[in-house]
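Structure record follows, encoded as structure tokens.
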Amino acid sequence: MASAVLNDADAPATITVNPLTINIGAEIGGVDLREPLSPQTVTEIRAVLLRWKVIFFHDQFIDHAQHLTFVKQFGEPTVGHAVFGHIDGYPEIYSVAKKRAANQFGAPKMVAPWTGWHADITSAINPPAMSILRGVTLPPYGGDTQWTDLGAAYRGLSETMRGFVDGLRGLHYTAAPAVEPGTKAYEDYMKRRKLVSEHPIVRVHPETGERALYISPSYLKEIVGMTPREGQQFLELLWEHAVRQEYTVRYRWKAGDIAFWDNRAVCHHAPTDIFDIEGDRQLYRITLVGDVPVGVDGTPSKPIEGDPITAYAAE
Amino acid sequence: MSNTAMLHDLADAPSEIEISPVSIHIGAEIGGVDLTKPLSVQAVKEIRAALLKWKVIFFHDQSLDHEQHLAFSRQFGELTIGHAVFGNVEEHPEIYSIAKHRKANRYKTGEKMEKPWTGWHADITAAINPPAASILRGVNIPPYGGDTQWTNLVAAYNGLSETLRGFIDGLRGVHRFEPPQGASSSEDYQELLRTRGQTSEHPLVRVHPETGERALYVSPSFLKSIVGLTPRESEQLLALLWEHAVRQEFTVRFRWKAGDIAFWDNRSTCHLAPSDIFQIDADRQLYRTTLVGDVPVGIDGKPSNSVLGEPILAYAAE
């Protein structure tokens with residue numbers, strides 16, 4: 001009954017919803033993702049996703065083709081990863097393997113509380129709207145993923161601070177850690193598709209109208225109109241705040257699990273503990289084409305470098 | 001065309017005093033005057049103009065006694081009681097003793113959290129009307145060590161981005177007496193704060209009443225929080241502003257000799273008392289007078305408001 005109390009008035013009829021925290025995360029039951037979903041179920045899953053920001057499905061042992069079929073009911077898939085490519089035979093599927101090109105940095109990172117947190121590919125002018133991650137090979141323990149609710153984070157700022165950040169914009173791009181250049185493989189990837197975009201610091205969600213603190217820590221590098229040191233300190237204030245425990249959910253994977261998140265309203269954190277153990281970890285991800293973000297004043301993001309991430313079929 | 005001449009206004013060059021700037025943004029040495037004697041109207045005017053421009057001015061070889069110190073100070077404004085909280089020297093209610101071991105330093109239980117801005121302050125900004133200016137006279141000075149530093153809060157304000165200035169222009173901060181973070185106060189320090197405690201809310205950006213300049217009014221030792229922010233937001237934004245305000249380029253560092261006088265505009269500077277003197281045995285004795293100040297006003301024309309304590313009035317008026 002506890003979950004019912006926390007749910008919205010229009011309770012779903014064809015799925016079950018089990019919230020995991022106050023702000024973010026819900027488990028969805030009552031569906032078999034190998035089969036096509038009814039329009040009602042698609043509507044309900046979408047509504048629950050918008051409300052809970054990340055939703056989890058268990059015991060869904062689907063293959064690549066079924067993964068694709070499932071996600072196409074919610075939008076158009078992009079190419080696997082705009083920068084890091086895709087798996088053989090499935091141009092829309094990105095392999096989230098333990099040792100992938102995106103992880104090939106040479107030197108140790110400076111680790112702050114927000115290090116590693118990001119929304120997917122916010123360096124693009126239209127970052128993916130949603131990401132659907134499927135767990136295939138998972139260690140018996142370790143390798144949890146976390147998500148944070150950027151809407152709750154925005155509301156958790158003081159009114160004074162919200163009033164200020166409402167008018168700010170930030171520059172998102174990728175860079176290998178400054179301490180040492182990345183490996184050659186990483187640099188080659190970077191050259192192949194360099195993306196730089198200016199997004200509002202507060203994004204108005206295109207479906208819900210909710211304001212989110214749009215501050216993807218791994219991509220956001222500068223606040224427009226601030227000196228470098230002001231920008232750094234101010235971003236640290238916002239980042240530290242955005243990943244406060246009360247806005248987050250932590251998920252322990254099992255094979256057959258699927259995590260489906262609203263990439264416009266959350267940041268997530270990939271596990272680093274898996275590099276301390278031998279076990280392999282393999283997941284696959286598909287992302288859905290996203291809109292160009294819009295700020296509180298209605299101004300859209302501005303592309304600085306690179307092309308939009310369009311639907312795979314259109315490329 | 002000397003360097004000095006190039007760096008300050010040639011148009012209204014002083015006729016009675018000599019001005020030698022000591023850094024780009026702050027600090028000038030004043031020569032050509034004998035402070036043991038009454039100053040001409042013109043000399044007072046020129047010294048005041050130099051003070052407003054250079055924020056802190058220094059006089060050398062002026063061996064004043066208490067009476068002469070008072071007489072010199074009075075030519076620039078009304079004097080407050082020595083220190084609104086920590087008292088005054090005997091027989092001279094308007095003189096405050098800056099001795100090495102004074103009451104204001106007695107919070108020695110516990111260790112201060114040292115940050116780049118620790119110890120920096122403008123005088124008594126916990127008051128609704130902090131002193132307008134302070135005049136500090138060096139009497140007993142160690143052969144080396146014990147330098148004082150000042151920072152130009154107008155230059156600091158101008159050094160912020162337009163974006164950040166736009167935000168802080170509308171903010172206000174709460175200033176109060178409290179021992180430094182990490183230290184706990186002694187009994188008599190606490191007793192003083194109980195009876196003479198002061199708390200005021202000032203604008204973060206103060207418009208100078210004489211020059212109209214905007215100053216980043218962020219006296220680190222007194223300013224505790226920003227109104228309307230959460231405690232952590234406030235702590236982080238203040239750290240940003242404080243770190244910025246004491247950047248080396250906005251500061252001057254003064255090495256004292258006996259007979260030196262430092263005269264600063266307490267509305268547009270913060271200063272840092274030396275801490276290295278506690279590592280040596282030598283004594284250090286200075287005396288300070290402070291001039292009665294206005295209630296600060298922000299960019300929106302709104303004055304500060306008092307939360308606790310009385311204004312610091314002219315001594316004679318008390």
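So you can find residues: chains in the structure tokens are A, B, ... in the order shown, residues in each start at 1, and ligands are numbered from 1 in order.
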For this session: Just list the residues in stretch 73-266 of chain B DSSP gives strand (DSSP E or B) on the backbone, as an NGL selection string.
Result: :B and (79-80 or 83 or 87 or 89 or 92 or 96-99 or 109 or 120-121 or 133-140 or 148-152 or 172-176 or 184 or 199-203 or 205-207 or 214-216 or 223-226 or 251-254 or 261-265)
Exercise. Quick one: DSSP alpha helix (DSSP H) residues in stretch 179-289 of chain A, as a PyMOL selection string?
Worked result: chain A and resi 184-192+228-242
For this session: Rounded to one decimal place, report the atom CA of B:Trp117-atom CA of B:Val246 distance in Å.
Result: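 Here the two named atoms are 6.5 Å from each other.
Residue nearest B:Gly27, chosen from B:Gln42, B:Gln279, B:Ser304, B:Thr269 and counting only C-alpha atoms: B:Thr269.
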Do you have, as a Markdown table, the list of residues of chain B lying at most 7 Å from chain A, each with its nearest atom pair and that distance in Å to one decimal, counting only C-alpha atoms and ordered by chain then number?
| residue | atom | partner | partner_atom | distance |
| --- | --- | --- | --- | --- |
| B:Ser161 | CA | A:Met226 | CA | 5.3 |
| B:Thr163 | CA | A:Gly225 | CA | 5.6 |
| B:Leu164 | CA | A:Met226 | CA | 6.8 |
| B:Phe167 | CA | A:Phe164 | CA | 6.4 |
| B:Gly228 | CA | A:Thr160 | CA | 5.8 |
| B:Leu229 | CA | A:Ser158 | CA | 5.4 |
| B:Thr230 | CA | A:Ser158 | CA | 5.9 |
| B:Glu233 | CA | A:Leu237 | CA | 6.8 |
| B:Gln236 | CA | A:Leu237 | CA | 6.4 |
| B:Leu240 | CA | A:Gln233 | CA | 6.5 |
Write a file of the just-selected residues containing N, CA and C atoms, as a compact mmCIF listing (two decimals), in the first residue's frame.
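Result went into part-v8.txt, see below:
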# COMPACT_ATOMS: atom_id res chain seq x y z
N SER B 161 33.08 38.56 -13.22
CA SER B 161 32.40 38.59 -14.51
C SER B 161 31.12 39.41 -14.38
N THR B 163 28.32 38.55 -15.42
CA THR B 163 27.26 37.60 -15.03
C THR B 163 27.18 37.47 -13.52
N LEU B 164 28.32 37.28 -12.88
CA LEU B 164 28.31 37.09 -11.43
C LEU B 164 28.00 38.41 -10.71
N PHE B 167 24.38 38.87 -10.45
CA PHE B 167 23.73 38.06 -9.40
C PHE B 167 23.94 38.68 -8.02
N GLY B 228 18.83 34.27 1.85
CA GLY B 228 18.05 33.66 0.77
C GLY B 228 18.67 32.44 0.14
N LEU B 229 19.90 32.11 0.54
CA LEU B 229 20.53 30.89 0.03
C LEU B 229 20.48 29.81 1.10
N THR B 230 20.59 28.55 0.68
CA THR B 230 20.73 27.48 1.65
C THR B 230 22.12 27.60 2.29
N GLU B 233 24.88 26.42 -0.17
CA GLU B 233 25.01 27.35 -1.30
C GLU B 233 25.77 28.59 -0.85
N GLN B 236 29.48 27.98 -0.22
CA GLN B 236 30.27 27.82 -1.44
C GLN B 236 30.39 29.13 -2.22
N LEU B 240 33.85 31.33 -2.95
CA LEU B 240 34.20 31.85 -4.28
C LEU B 240 34.52 33.34 -4.19
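Taking only C-alpha atoms, the non-local environment of B:Ala133 within 9 Å (same-chain residues fewer than 5 positions away omitted) comprises Phe76, Gly77, Asp123, Phe263, Trp264, Asp265, Asn266, Arg267, Thr289, Thr290, Leu291, Val292 and Gly293 of chain B.
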Problem set entry | Interatomic distance (Å, one decimal) between atom CA of B:His271 and atom CA of B:Glu91 |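 That distance, rounded to one decimal, is 27.7 Å.
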